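Undergrad: My file is target12.txt. It has compact mmCIF, C-alpha atoms and all ligand atoms:
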# COMPACT_ATOMS: atom_id res chain seq x y z
CA MET A 1 0.00 0.00 0.00
CA THR A 2 1.18 3.52 -0.74
CA VAL A 3 1.75 5.48 2.43
CA ASP A 4 0.87 9.06 1.52
CA PHE A 5 1.22 10.35 5.07
CA ALA A 6 2.20 9.32 8.58
CA LEU A 7 1.04 10.94 11.80
CA ILE A 8 3.38 10.75 14.80
CA GLY A 9 1.51 11.13 18.07
CA HIS A 10 1.44 10.24 21.75
CA GLN A 11 -1.36 9.96 24.28
CA GLU A 12 -2.35 12.89 26.52
CA SER A 13 -3.59 10.82 29.48
CA TRP A 14 -3.22 7.38 31.02
CA GLN A 15 -6.85 6.71 30.16
CA ALA A 16 -6.12 7.37 26.47
CA ALA A 17 -3.01 5.18 26.64
CA ALA A 18 -5.04 2.40 28.30
CA ASP A 19 -7.67 2.59 25.55
CA VAL A 20 -4.98 2.36 22.83
CA LEU A 21 -3.35 -0.67 24.50
CA ALA A 22 -6.75 -2.36 24.96
CA ILE A 23 -7.40 -2.20 21.21
CA LEU A 24 -3.89 -3.39 20.34
CA ARG A 25 -4.11 -6.34 22.74
CA GLY A 26 -7.78 -7.10 22.11
CA ALA A 27 -8.51 -6.80 25.86
CA PRO A 28 -7.99 -4.18 28.57
CA LEU A 29 -4.91 -4.36 30.78
CA PRO A 30 -5.23 -3.99 34.54
CA ASP A 31 -4.68 -0.28 35.31
CA ASP A 32 -1.71 -0.95 37.60
CA GLU A 33 0.14 -2.75 34.77
CA ILE A 34 -0.28 -0.01 32.15
CA LYS A 35 2.20 2.39 33.77
CA ASP A 36 4.79 -0.41 34.03
CA ILE A 37 4.36 -1.64 30.46
CA LEU A 38 3.97 1.55 28.39
CA PRO A 39 7.52 2.92 28.82
CA TRP A 40 8.86 -0.36 27.36
CA ILE A 41 6.81 -0.26 24.15
CA PRO A 42 8.90 0.98 21.20
CA PRO A 43 7.36 3.48 18.77
CA ARG A 44 5.37 1.66 16.08
CA ALA A 45 2.58 2.09 13.54
CA ILE A 46 -0.66 1.14 15.28
CA CYS A 47 -3.26 1.67 12.58
CA HIS A 48 -4.05 2.62 9.01
CA VAL A 49 -5.75 5.96 8.46
CA GLU A 50 -7.76 6.90 5.38
CA VAL A 51 -8.87 10.48 4.86
CA GLY A 52 -11.45 11.45 2.25
CA SER A 53 -11.53 14.94 0.78
CA SER A 54 -14.74 16.76 -0.08
CA THR A 55 -13.37 16.71 -3.68
CA GLY A 56 -13.68 12.91 -3.64
CA ALA A 57 -9.90 12.32 -3.42
CA THR A 58 -8.53 10.00 -0.73
CA ALA A 59 -5.14 9.69 0.94
CA HIS A 60 -3.82 6.70 2.88
CA GLY A 61 -1.61 6.88 5.91
CA LEU A 62 -0.46 5.44 9.20
CA TYR A 63 -0.70 6.57 12.81
CA ILE A 64 2.62 5.97 14.59
CA ASP A 65 2.48 6.14 18.37
CA SER A 66 5.76 7.17 19.99
CA PHE A 67 4.40 5.77 23.30
CA ILE A 68 5.80 8.69 25.29
CA PRO A 69 4.31 8.11 28.75
CA PRO A 70 1.76 10.88 29.48
CA ASP A 71 3.54 11.90 32.71
CA HIS A 72 7.03 11.93 31.15
CA LEU A 73 6.83 15.25 29.29
CA GLU A 74 9.00 17.26 31.70
CA ALA A 75 12.51 18.42 30.79
CA ALA A 76 14.00 15.50 32.75
CA TYR A 77 12.85 13.10 30.00
CA VAL A 78 13.98 15.15 26.98
CA GLN A 79 16.69 12.73 25.83
CA GLU A 80 14.51 9.67 26.22
CA ASN A 81 11.58 11.34 24.43
CA THR A 82 13.71 12.74 21.63
CA ALA A 83 14.99 9.20 21.02
CA ARG A 84 11.36 8.03 20.82
CA VAL A 85 10.51 10.73 18.25
CA ARG A 86 13.57 9.77 16.20
CA ALA A 87 12.55 6.11 16.34
CA ALA A 88 8.98 7.01 15.30
CA ALA A 89 10.40 9.09 12.43
CA ALA A 90 12.64 6.16 11.35
CA CYS A 91 9.54 3.95 11.38
CA ALA A 92 7.69 6.44 9.10
CA ILE A 93 10.70 6.57 6.73
CA ASN A 94 11.06 2.77 6.61
CA LEU A 95 7.35 2.37 5.86
CA GLY A 96 7.77 4.76 2.94
CA ALA A 97 5.63 7.67 4.16
CA LYS A 98 5.77 10.58 1.74
CA ILE A 99 4.94 13.24 4.36
CA VAL A 100 5.01 13.01 8.15
CA SER A 101 3.21 15.29 10.63
CA LEU A 102 4.94 15.70 13.99
CA GLY A 103 2.04 15.80 16.46
CA GLY A 104 1.92 17.04 20.06
CA PHE A 105 5.34 17.28 21.73
CA SER A 106 7.17 15.58 18.81
CA SER A 107 8.10 18.86 17.09
CA ILE A 108 8.82 20.59 20.42
CA LEU A 109 11.32 17.86 21.30
CA ILE A 110 13.27 18.24 18.09
CA GLU A 111 12.93 22.05 18.46
CA GLY A 112 11.84 22.47 14.87
CA ASN A 113 15.27 21.23 13.79
CA PHE A 114 14.64 18.51 11.21
CA ASP A 115 18.36 17.73 11.08
CA GLN A 116 17.81 15.86 14.36
CA LEU A 117 15.68 13.34 12.45
CA PRO A 118 17.12 10.20 10.81
CA GLU A 119 18.23 10.25 7.20
CA ARG A 120 15.18 10.48 4.92
CA LYS A 121 14.71 8.58 1.69
CA GLY A 122 12.08 10.70 0.00
CA THR A 123 10.15 11.35 3.24
CA VAL A 124 9.46 14.95 4.25
CA PHE A 125 8.43 16.22 7.68
CA THR A 126 6.13 19.05 8.75
CA THR A 127 5.44 20.28 12.28
CA GLY A 128 1.86 21.05 11.23
CA ASN A 129 2.04 24.29 13.18
CA THR A 130 0.97 26.60 10.32
CA LEU A 131 -2.51 25.06 10.02
CA THR A 132 -2.68 24.93 13.83
CA VAL A 133 -2.13 28.70 13.94
CA GLY A 134 -4.77 29.21 11.24
CA LEU A 135 -7.35 27.22 13.22
CA ILE A 136 -6.55 29.06 16.48
CA VAL A 137 -6.91 32.44 14.77
CA GLN A 138 -10.17 31.37 13.07
CA GLY A 139 -11.44 30.19 16.46
CA ILE A 140 -10.67 33.52 18.14
CA LYS A 141 -12.40 35.46 15.38
CA LYS A 142 -15.46 33.18 15.41
CA MET A 143 -15.80 33.29 19.21
CA CYS A 144 -15.56 37.10 19.13
CA THR A 145 -18.37 37.16 16.58
CA LEU A 146 -20.52 34.72 18.59
CA GLU A 147 -19.98 36.78 21.75
CA GLY A 148 -20.53 40.12 20.01
CA ARG A 149 -17.01 41.36 20.84
CA ASN A 150 -15.09 43.86 18.77
CA LEU A 151 -11.63 42.35 18.26
CA ARG A 152 -10.28 45.76 17.24
CA ARG A 153 -10.92 47.06 20.78
CA SER A 154 -9.34 44.00 22.41
CA THR A 155 -6.14 43.42 24.32
CA LEU A 156 -4.70 40.09 23.18
CA LEU A 157 -2.52 38.06 25.57
CA VAL A 158 -0.45 35.21 24.12
CA VAL A 159 1.06 32.80 26.67
CA GLY A 160 3.98 30.88 25.13
CA ALA A 161 4.27 33.77 22.67
CA THR A 162 7.85 33.12 21.57
CA GLY A 163 7.08 29.54 20.52
CA ASP A 164 6.30 28.49 16.97
CA VAL A 165 2.52 28.44 17.51
CA GLY A 166 2.42 31.46 19.86
CA SER A 167 4.53 33.72 17.63
CA GLY A 168 2.49 32.71 14.55
CA CYS A 169 -0.73 33.63 16.40
CA ALA A 170 0.74 36.94 17.55
CA ARG A 171 1.79 37.84 13.98
CA CYS A 172 -1.61 36.91 12.51
CA LEU A 173 -3.79 38.64 15.12
CA ALA A 174 -1.68 41.73 15.93
CA PRO A 175 -3.05 43.77 12.98
CA PHE A 176 -6.64 43.16 14.20
CA VAL A 177 -6.36 44.08 17.91
CA LYS A 178 -5.73 47.25 19.95
CA ARG A 179 -2.73 45.95 21.85
CA VAL A 180 -0.75 42.72 22.25
CA GLN A 181 0.68 41.30 25.48
CA ILE A 182 3.27 38.55 25.12
CA ASN A 183 4.39 36.15 27.82
CA ALA A 184 7.03 33.41 28.08
CA ARG A 185 9.90 32.76 30.51
CA ASN A 186 12.84 33.93 28.37
CA GLU A 187 12.94 37.74 28.30
CA ALA A 188 15.46 38.09 25.46
CA ARG A 189 13.22 36.12 23.08
CA LEU A 190 10.21 38.20 24.18
CA ARG A 191 12.10 41.40 23.38
CA LYS A 192 13.01 40.09 19.92
CA LEU A 193 9.38 39.25 19.09
CA ALA A 194 8.19 42.58 20.54
CA ALA A 195 10.65 44.47 18.31
CA GLU A 196 9.39 42.57 15.25
CA LEU A 197 5.74 43.40 16.03
CA GLN A 198 6.51 47.02 16.97
CA ALA A 199 8.25 47.52 13.62
CA ASP A 200 4.79 46.94 12.08
CA GLY A 201 3.25 49.58 14.34
CA VAL A 202 1.75 47.18 16.89
CA GLN A 203 1.41 48.28 20.53
CA VAL A 204 3.21 45.53 22.49
CA GLU A 205 3.83 44.81 26.16
CA ILE A 206 6.06 42.00 27.42
CA ALA A 207 6.17 40.20 30.78
CA THR A 208 7.80 37.00 32.01
CA GLY A 209 5.19 36.77 34.79
CA LEU A 210 1.47 36.89 34.11
CA GLU A 211 0.91 39.45 36.89
CA GLY A 212 3.30 41.87 35.19
CA PHE A 213 1.00 43.40 32.56
CA SER A 214 -0.43 46.88 33.01
CA THR A 215 -3.98 46.06 31.82
CA GLU A 216 -6.28 43.05 31.80
CA ALA A 217 -6.42 41.12 28.53
CA ASP A 218 -9.86 40.22 27.20
CA VAL A 219 -8.69 37.76 24.50
CA VAL A 220 -6.15 35.09 25.51
CA ILE A 221 -4.30 32.36 23.62
CA CYS A 222 -2.57 29.70 25.70
CA ALA A 223 0.18 28.09 23.59
CA ALA A 224 2.89 27.22 26.11
CA SER A 225 4.66 23.86 25.97
CA LEU A 226 3.58 22.77 29.45
CA ALA A 227 4.03 19.15 30.52
CA SER A 228 0.63 19.17 32.24
CA PRO A 229 -2.39 21.47 32.63
CA SER A 230 -1.00 23.82 35.27
CA LEU A 231 -1.53 27.37 33.97
CA LEU A 232 -3.30 29.89 36.23
CA LEU A 233 -3.90 33.04 34.24
CA GLY A 234 -4.19 35.57 37.07
CA ARG A 235 -5.09 39.07 35.91
CA ILE A 236 -7.35 38.87 32.86
CA ALA A 237 -10.83 40.26 32.21
CA ARG A 238 -13.49 38.19 34.03
CA ASP A 239 -15.37 37.48 30.79
CA ALA A 240 -12.25 36.99 28.64
CA ILE A 241 -12.33 34.78 25.56
CA ILE A 242 -9.66 32.09 26.11
CA CYS A 243 -8.34 29.63 23.54
CA ASP A 244 -6.40 26.76 25.15
CA ALA A 245 -4.33 25.33 22.29
CA GLY A 246 -1.92 23.29 24.38
CA TYR A 247 -1.32 19.57 24.00
CA PRO A 248 -1.46 18.64 26.86
CA LYS A 249 -3.88 21.43 27.73
CA ASN A 250 -2.38 24.51 29.38
CA LEU A 251 -5.16 25.63 31.73
CA SER A 252 -5.18 24.16 35.21
CA PRO A 253 -8.46 22.51 36.22
CA ASN A 254 -8.08 24.63 39.39
CA ALA A 255 -8.36 27.86 37.36
CA HIS A 256 -11.79 29.11 38.39
CA MET A 257 -12.98 31.34 35.55
CA ALA A 258 -16.73 30.85 35.58
CA ASP A 259 -17.46 33.86 33.36
CA ALA A 260 -14.67 33.29 30.82
CA LYS A 261 -15.47 31.84 27.40
CA ILE A 262 -12.95 29.00 27.21
CA PHE A 263 -12.54 26.78 24.14
CA PHE A 264 -9.97 24.21 23.06
CA GLY A 265 -8.24 25.54 19.95
CA GLY A 266 -6.13 24.47 17.00
CA LEU A 267 -8.65 21.79 16.05
CA GLY A 268 -10.16 21.15 12.64
CA GLN A 269 -12.98 18.96 11.35
CA ILE A 270 -12.99 16.89 8.17
CA VAL A 271 -16.21 17.22 6.17
CA GLY A 272 -15.42 14.09 4.15
CA THR A 273 -14.35 10.81 5.73
CA LEU A 274 -11.85 9.63 8.33
CA LYS A 275 -11.37 5.90 8.87
CA PHE A 276 -9.04 3.98 11.17
CA ALA A 277 -8.18 0.27 10.77
CA PRO A 278 -8.26 -1.22 13.37
CA ASN A 279 -10.99 1.08 14.57
CA PHE A 280 -9.44 3.70 16.85
CA ASP A 281 -12.23 6.21 16.18
CA GLY A 282 -12.94 8.16 19.38
CA ILE A 283 -9.68 6.84 20.89
CA LEU A 284 -7.04 8.64 18.82
CA ASN A 285 -9.45 11.54 18.22
CA ARG A 286 -11.01 12.06 21.66
CA HIS A 287 -13.35 14.94 20.94
CA PRO A 288 -17.12 15.26 21.42
CA PHE A 289 -17.56 15.72 17.65
CA PRO A 290 -16.79 13.31 14.80
CA ARG A 291 -13.79 13.64 12.46
CA VAL A 292 -12.14 16.29 14.63
CA VAL A 293 -8.33 16.20 14.53
CA HIS A 294 -5.51 18.41 15.84
CA GLY A 295 -4.32 20.99 13.34
CA CYS A 296 -0.75 19.66 13.36
CA LEU A 297 -1.92 16.24 12.12
CA LEU A 298 -4.47 17.72 9.72
CA GLU A 299 -1.74 19.71 7.98
CA GLY A 300 -0.01 16.48 6.86
CA MET A 301 -3.31 15.00 5.69
CA ALA A 302 -4.27 18.15 3.77
CA LEU A 303 -0.86 18.28 2.06
CA ALA A 304 -1.12 14.56 1.18
CA LEU A 305 -4.59 15.08 -0.34
CA GLU A 306 -3.16 18.01 -2.33
CA LYS A 307 -0.14 15.84 -3.33
CA ARG A 308 2.17 18.55 -2.02
CA PHE A 309 4.78 16.43 -0.32
CA GLU A 310 6.87 19.28 1.12
CA PRO A 311 8.06 20.33 4.58
CA PHE A 312 5.43 23.08 4.74
CA SER A 313 6.09 23.99 8.40
CA ARG A 314 9.69 23.66 9.49
CA GLY A 315 11.95 25.43 11.96
CA ARG A 316 10.65 27.75 14.65
CA GLY A 317 9.32 31.25 14.35
CA PHE A 318 8.69 31.37 10.59
CA ILE A 319 4.88 31.24 10.56
CA THR A 320 3.52 34.28 8.72
CA PRO A 321 -0.03 35.37 7.80
CA ASP A 322 0.71 34.57 4.10
CA ARG A 323 1.74 30.97 4.87
CA VAL A 324 -1.28 30.55 7.14
CA GLU A 325 -3.58 31.76 4.37
CA GLU A 326 -1.95 29.31 1.93
CA ILE A 327 -2.41 26.23 4.13
CA GLU A 328 -5.95 27.29 5.09
CA GLY A 329 -6.77 27.43 1.38
CA ILE A 330 -5.41 23.90 0.83
CA ALA A 331 -7.29 22.57 3.86
CA ALA A 332 -10.57 24.25 2.88
CA HIS A 333 -10.27 22.87 -0.67
CA HIS A 334 -10.37 19.38 0.86
CA GLY A 335 -13.18 20.15 3.31
CA ILE A 336 -11.04 20.69 6.40
CA HIS A 337 -12.48 23.50 8.52
CA LEU A 338 -12.51 24.89 12.04
CA ALA A 339 -14.00 22.29 14.45
CA PRO A 340 -17.10 23.10 16.51
CA PHE A 341 -16.19 24.54 19.91
CA TYR A 342 -15.87 22.50 23.09
CA ASN A 343 -13.99 22.65 26.38
CA ALA A 344 -13.47 20.49 29.49
CA ASP A 345 -17.19 20.77 30.32
CA GLY A 346 -18.28 19.50 26.90
CA PRO A 347 -19.57 20.94 23.62
CA LEU A 348 -20.18 24.68 23.34
CA GLU A 349 -21.92 24.29 20.00
CA ASP A 350 -24.58 22.01 18.65
CA CYS A 351 -22.69 19.59 16.39
CA ILE A 352 -25.81 18.97 14.30
CA ALA A 353 -26.07 22.70 13.61
CA ALA A 354 -22.35 22.80 12.80
CA ALA A 355 -22.83 19.87 10.40
CA ALA A 356 -25.83 21.55 8.82
CA SER A 357 -23.67 24.54 8.02
CA PHE A 358 -21.20 22.18 6.27
CA ASP A 359 -24.12 20.70 4.35
CA SER A 360 -25.15 24.09 3.09
CA VAL A 361 -21.63 24.42 1.66
CA ASN A 362 -21.55 20.82 0.36
CA PRO A 363 -25.12 19.97 -0.73
CA GLY A 364 -26.00 16.30 -1.16
CA ARG A 365 -23.11 14.82 0.86
CA GLY A 366 -25.38 13.59 3.67
CA THR A 367 -23.19 15.06 6.37
CA VAL A 368 -26.01 15.78 8.83
CA SER A 369 -27.24 12.19 9.15
CA ASN A 370 -23.66 10.82 9.27
CA THR A 371 -22.73 13.41 11.83
CA ARG A 372 -25.81 12.79 14.01
CA THR A 373 -24.94 9.09 14.32
CA GLN A 374 -21.24 9.73 14.80
CA CYS A 375 -21.85 12.48 17.39
CA GLN A 376 -24.06 10.12 19.36
CA ASN A 377 -21.50 7.30 19.13
CA THR A 378 -18.63 9.58 20.14
CA ILE A 379 -20.52 11.05 23.09
CA LEU A 380 -21.55 7.55 24.28
CA LEU A 381 -17.91 6.44 24.05
CA LEU A 382 -16.65 9.48 25.96
CA ASN A 383 -19.35 8.99 28.62
CA ALA A 384 -18.32 5.35 29.03
CA THR A 385 -14.65 6.37 29.26
CA ASP A 386 -15.46 9.07 31.84
CA ALA A 387 -17.45 6.57 33.89
CA ARG A 388 -14.51 4.15 33.79
CA SER A 389 -12.08 6.93 34.87
CA ARG A 390 -14.37 7.78 37.80
CA GLU A 391 -14.56 4.12 38.82
CA ASN A 392 -10.76 3.97 38.74
CA GLY A 393 -10.55 7.11 40.89
P1 LIG B 1 7.47 25.75 21.26
O1 LIG B 1 8.40 24.88 22.02
O2 LIG B 1 7.89 26.29 19.94
O3 LIG B 1 7.08 27.01 22.18
C1 LIG B 1 6.69 26.87 23.51
C2 LIG B 1 6.48 28.25 24.11
O4 LIG B 1 6.02 28.09 25.47
C3 LIG B 1 7.72 29.11 24.17
O5 LIG B 1 7.36 30.47 23.99
C4 LIG B 1 8.20 28.91 25.61
O6 LIG B 1 9.04 30.00 25.95
C5 LIG B 1 6.85 28.90 26.30
N1 LIG B 1 6.80 28.34 27.64
C6 LIG B 1 7.25 27.13 28.04
N2 LIG B 1 6.98 26.98 29.36
C7 LIG B 1 6.32 28.11 29.75
C8 LIG B 1 5.79 28.55 31.00
N3 LIG B 1 5.89 27.81 32.10
N4 LIG B 1 5.15 29.75 31.03
C9 LIG B 1 5.05 30.52 29.93
N5 LIG B 1 5.55 30.16 28.74
C10 LIG B 1 6.19 28.96 28.66
O7 LIG B 1 6.09 24.94 21.16
P2 LIG B 1 4.96 25.02 20.02
O8 LIG B 1 4.70 26.45 19.74
O9 LIG B 1 5.30 24.12 18.91
O10 LIG B 1 3.71 24.39 20.81
C11 LIG B 1 3.06 25.12 21.84
C12 LIG B 1 1.88 24.31 22.42
O11 LIG B 1 0.93 24.08 21.38
C13 LIG B 1 2.25 22.90 22.92
O12 LIG B 1 1.44 22.56 24.04
C14 LIG B 1 1.92 22.00 21.76
O13 LIG B 1 1.71 20.65 22.11
C15 LIG B 1 0.64 22.68 21.30
N6 LIG B 1 0.29 22.35 19.92
C16 LIG B 1 -1.03 22.12 19.66
C17 LIG B 1 -1.44 21.80 18.41
C18 LIG B 1 -2.87 21.60 18.08
O14 LIG B 1 -3.15 20.97 17.07
N7 LIG B 1 -3.80 22.15 18.88
C19 LIG B 1 -0.47 21.64 17.31
C20 LIG B 1 0.88 22.00 17.65
C21 LIG B 1 1.24 22.33 18.94
P3 LIG B 1 10.03 29.96 27.23
O15 LIG B 1 10.79 28.67 27.14
O16 LIG B 1 10.85 31.19 27.08
O17 LIG B 1 9.13 30.02 28.43
In structure tokens, what does this structure look like?
Ligand code: NDP

TA:
Amino acid sequence: MTVDFALIGHQESWQAAADVLAILRGAPLPDDEIKDILPWIPPRAICHVEVGSSTGATAHGLYIDSFIPPDHLEAAYVQENTARVRAAAACAINLGAKIVSLGGFSSILIEGNFDQLPERKGTVFTTGNTLTVGLIVQGIKKMCTLEGRNLRRSTLLVVGATGDVGSGCARCLAPFVKRVQINARNEARLRKLAAELQADGVQVEIATGLEGFSTEADVVICAASLASPSLLLGRIARDAIICDAGYPKNLSPNAHMADAKIFFGGLGQIVGTLKFAPNFDGILNRHPFPRVVHGCLLEGMALALEKRFEPFSRGRGFITPDRVEEIEGIAAHHGIHLAPFYNADGPLEDCIAAAASFDSVNPGRGTVSNTRTQCQNTILLLNATDARSRENG
């Protein structure tokens, strides 16, 4: 089989890892054994993936799990995890993948430096961060419209602003807001980004601590490479719009922001088809809506459907509005759009209504009935998984 694309990923939680292992083994493992076994599993392809474009084209690929343990994302494990990403990349190369998306922490570990990857024989790599930025920016604009906010009067805070995703978001949104606040730990890198934005006439404030800004932000993007959801935002407007684009999520579950409009960002939805063999649907894509995938993985699929086997997103800090527009155009051509909104409490939009709006764009494709069934199946699966997590404490 031709391998048009490969997706390198890892699981965000022990529950997700347990579900993956249960499918691979054909039976669940006792919970106490999973943490002992997972670190010993080498990276490997775990399923075939077929993506169908709204043009009728299809692309075939593989999902390669690097089996990075969900609680091993801290700096202490960098060497071990980088070796796992390299092994996953070697696996993609040996299986003949034409393009590989580096999902989750994979691109962070190699710091955008593709020279750290094994020798490639006709395989190209993309971080997938350009489409991720496009989907985050689309999400912010759509949420502002839904909430009746005027983006032009907003103060935008980007946490993790000097990263590849954060800096791309800052560049794309700066022309549309009143002022930009940028946060990360390294001050020199913040100053460099601030100088770049100021050269375009943007009003910019920098701070290495979130309490250090002079005004409260009312639009926030969280794009820091945190090993676990631990971010407490501190001084922001009570009713701020907040996009959490982290993988793992950035926002701490202890962040009490009852009036904030929080959504998980950087996610897209495929209008056409998405099939896994064996069936990992709802396991590898754990979202309350069908055919929703992280932007970084979608970028590889969109480029494969377009037959543009090129390292579209590489390095760090090169994401520009022009490149974002280009990849958004490719994705949209194949029916890949912004996903309906949800957060830790569940869906913020009616997925049937969201599907109906796709149908109006793609008449006769039967998306609504497919989506209704798939939404119900996905929600049942997530409910069952939640119930199991509660039982397991
Ligand atoms: P990078 O490594 O390029 O950037 C990470 C940024 O986070 C840097 O600005 C870093 O700066 C900052 N940072 C790290 N720790 C902290 C901290 N404690 N407080 C504030 N800032 C911090 O990562 P990417 O831009 O590639 O990815 C960012 C996030 O987006 C990750 O969680 C990643 O998994 C996620 N992502 C999500 C995707 C999706 O599809 N939704 C796709 C791609 C990425 P400094 O070190 O100076 O603090």

Undergrad: Which residue gives the smallest distance to Gly163 of chain A among A:Pro321, A:Gly246, A:Pro118, A:Pro43, with only C-alpha atoms counted?

TA: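 Nearest to Gly163 of chain A: A:Gly246.
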
Undergrad: Using 6 Å as the limit and counting only C-alpha atoms and all ligand atoms, can you tabulate each residue of chain A that touches ligand LIG 1 (chain B), with its shortest atom-to-atom distance in Å and the two atoms involved, as CSV?

TA:
residue,atom,partner,partner_atom,distance
A:Gly104,CA,B:LIG1,O13,4.2
A:Phe105,CA,B:LIG1,O13,5.0
A:Ile108,CA,B:LIG1,O1,4.6
A:Asn129,CA,B:LIG1,C20,5.2
A:Thr132,CA,B:LIG1,O14,5.1
A:Val159,CA,B:LIG1,N5,5.6
A:Gly160,CA,B:LIG1,O4,3.5
A:Ala161,CA,B:LIG1,O5,4.7
A:Thr162,CA,B:LIG1,O5,3.6
A:Gly163,CA,B:LIG1,O3,3.0
A:Asp164,CA,B:LIG1,O8,3.8
A:Val165,CA,B:LIG1,O8,3.7
A:Gly166,CA,B:LIG1,O8,5.5
A:Ala184,CA,B:LIG1,N5,3.6
A:Arg185,CA,B:LIG1,O17,3.5
A:Asn186,CA,B:LIG1,O16,3.6
A:Ala223,CA,B:LIG1,C12,4.3
A:Ala224,CA,B:LIG1,O4,3.3
A:Ser225,CA,B:LIG1,O12,4.0
A:Leu226,CA,B:LIG1,N2,5.4
A:Ala245,CA,B:LIG1,N7,4.7
A:Gly246,CA,B:LIG1,O12,3.5
A:Tyr247,CA,B:LIG1,O13,3.7
A:Pro248,CA,B:LIG1,O12,5.6
A:Gly265,CA,B:LIG1,N7,5.7
A:Gly266,CA,B:LIG1,N7,3.8
A:Leu267,CA,B:LIG1,N7,5.6
A:His294,CA,B:LIG1,O14,3.7
A:Gly295,CA,B:LIG1,O14,3.9
A:Cys296,CA,B:LIG1,C19,4.4

Undergrad: Given all atoms listed in the file as the basis, pick out the residue of A:Ala27, A:Leu251, A:Ile93, A:Ala194 nearest to Leu231 of chain A.

TA: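 For Leu231 of chain A, the nearest of the candidates is A:Leu251.
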
Undergrad: Using all atoms listed in the file, which of the listed residues (A:Ala258, A:Ile236, A:Ile182, A:Val220) sits closest to Glu205 of chain A?

TA: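 The answer is A:Ile182, which sits nearest to Glu205 of chain A.
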
Undergrad: Would you please work out which residue, of A:Pro42, A:Pro288, A:Pro311, A:Gly282, is nearest to Ser101 of chain A when using all atoms listed in the file?

TA: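 Once distances to Ser101 of chain A are computed over all atoms listed in the file, the minimum belongs to A:Pro311.
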
Undergrad: Smallest atom-to-atom distance to Ala339 of chain A: which of A:Cys172, A:Ile270, A:Ile327, A:Ala57, using all atoms listed in the file?

TA: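 Checking each of A:Cys172, A:Ile270, A:Ile327, A:Ala57 against Ala339 of chain A, counting all atoms listed in the file, the winner is A:Ile270.
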
Undergrad: Would you pick out the contacts of segment 154-157 of chain A at 12 Å or less, using only C-alpha atoms, so that residues sharing its chain but fewer than 2 positions from it are not included, and give the list as a ChimeraX atom specification?

TA: /A:137,140-141,144,149-152,159-161,166-167,169-184,202-207,210-223,233-237,240-244

Undergrad: Hey, which of A:Gly134, A:Gly346, A:Gly148, A:Gly272 ends up closest to Asp322 of chain A? Count only C-alpha atoms.

TA: A:Gly134

Undergrad: With the input short on atoms, add N, CA and C atoms back to segment 273-284 of chain A and write it as a PDB file, in the coordinates of the input.

TA:
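What landed in out07.pdb:
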ATOM      1  N   THR A 273     -14.397  12.029   4.915  1.00  0.00           N
ATOM      2  CA  THR A 273     -14.350  10.810   5.730  1.00  0.00           C
ATOM      3  C   THR A 273     -13.023  10.677   6.459  1.00  0.00           C
ATOM      4  N   LEU A 274     -13.066   9.955   7.566  1.00  0.00           N
ATOM      5  CA  LEU A 274     -11.850   9.630   8.330  1.00  0.00           C
ATOM      6  C   LEU A 274     -12.053   8.222   8.872  1.00  0.00           C
ATOM      7  N   LYS A 275     -11.209   7.293   8.431  1.00  0.00           N
ATOM      8  CA  LYS A 275     -11.370   5.900   8.870  1.00  0.00           C
ATOM      9  C   LYS A 275     -10.062   5.375   9.453  1.00  0.00           C
ATOM     10  N   PHE A 276     -10.203   4.615  10.539  1.00  0.00           N
ATOM     11  CA  PHE A 276      -9.040   3.980  11.170  1.00  0.00           C
ATOM     12  C   PHE A 276      -9.207   2.460  11.070  1.00  0.00           C
ATOM     13  N   ALA A 277      -8.137   1.733  10.763  1.00  0.00           N
ATOM     14  CA  ALA A 277      -8.180   0.270  10.770  1.00  0.00           C
ATOM     15  C   ALA A 277      -6.925  -0.253  11.460  1.00  0.00           C
ATOM     16  N   PRO A 278      -7.026  -0.958  12.618  1.00  0.00           N
ATOM     17  CA  PRO A 278      -8.260  -1.220  13.370  1.00  0.00           C
ATOM     18  C   PRO A 278      -8.948   0.073  13.824  1.00  0.00           C
ATOM     19  N   ASN A 279     -10.173  -0.093  14.315  1.00  0.00           N
ATOM     20  CA  ASN A 279     -10.990   1.080  14.570  1.00  0.00           C
ATOM     21  C   ASN A 279     -10.616   1.812  15.869  1.00  0.00           C
ATOM     22  N   PHE A 280      -9.829   2.866  15.714  1.00  0.00           N
ATOM     23  CA  PHE A 280      -9.440   3.700  16.850  1.00  0.00           C
ATOM     24  C   PHE A 280     -10.280   4.977  16.910  1.00  0.00           C
ATOM     25  N   ASP A 281     -11.410   4.994  16.195  1.00  0.00           N
ATOM     26  CA  ASP A 281     -12.230   6.210  16.180  1.00  0.00           C
ATOM     27  C   ASP A 281     -12.700   6.525  17.602  1.00  0.00           C
ATOM     28  N   GLY A 282     -12.556   7.768  18.025  1.00  0.00           N
ATOM     29  CA  GLY A 282     -12.940   8.160  19.380  1.00  0.00           C
ATOM     30  C   GLY A 282     -11.846   7.859  20.404  1.00  0.00           C
ATOM     31  N   ILE A 283     -10.800   7.143  19.979  1.00  0.00           N
ATOM     32  CA  ILE A 283      -9.680   6.840  20.890  1.00  0.00           C
ATOM     33  C   ILE A 283      -8.510   7.760  20.539  1.00  0.00           C
ATOM     34  N   LEU A 284      -8.127   7.750  19.246  1.00  0.00           N
ATOM     35  CA  LEU A 284      -7.040   8.640  18.820  1.00  0.00           C
ATOM     36  C   LEU A 284      -7.557  10.063  18.630  1.00  0.00           C
TER      37      LEU A 284
END
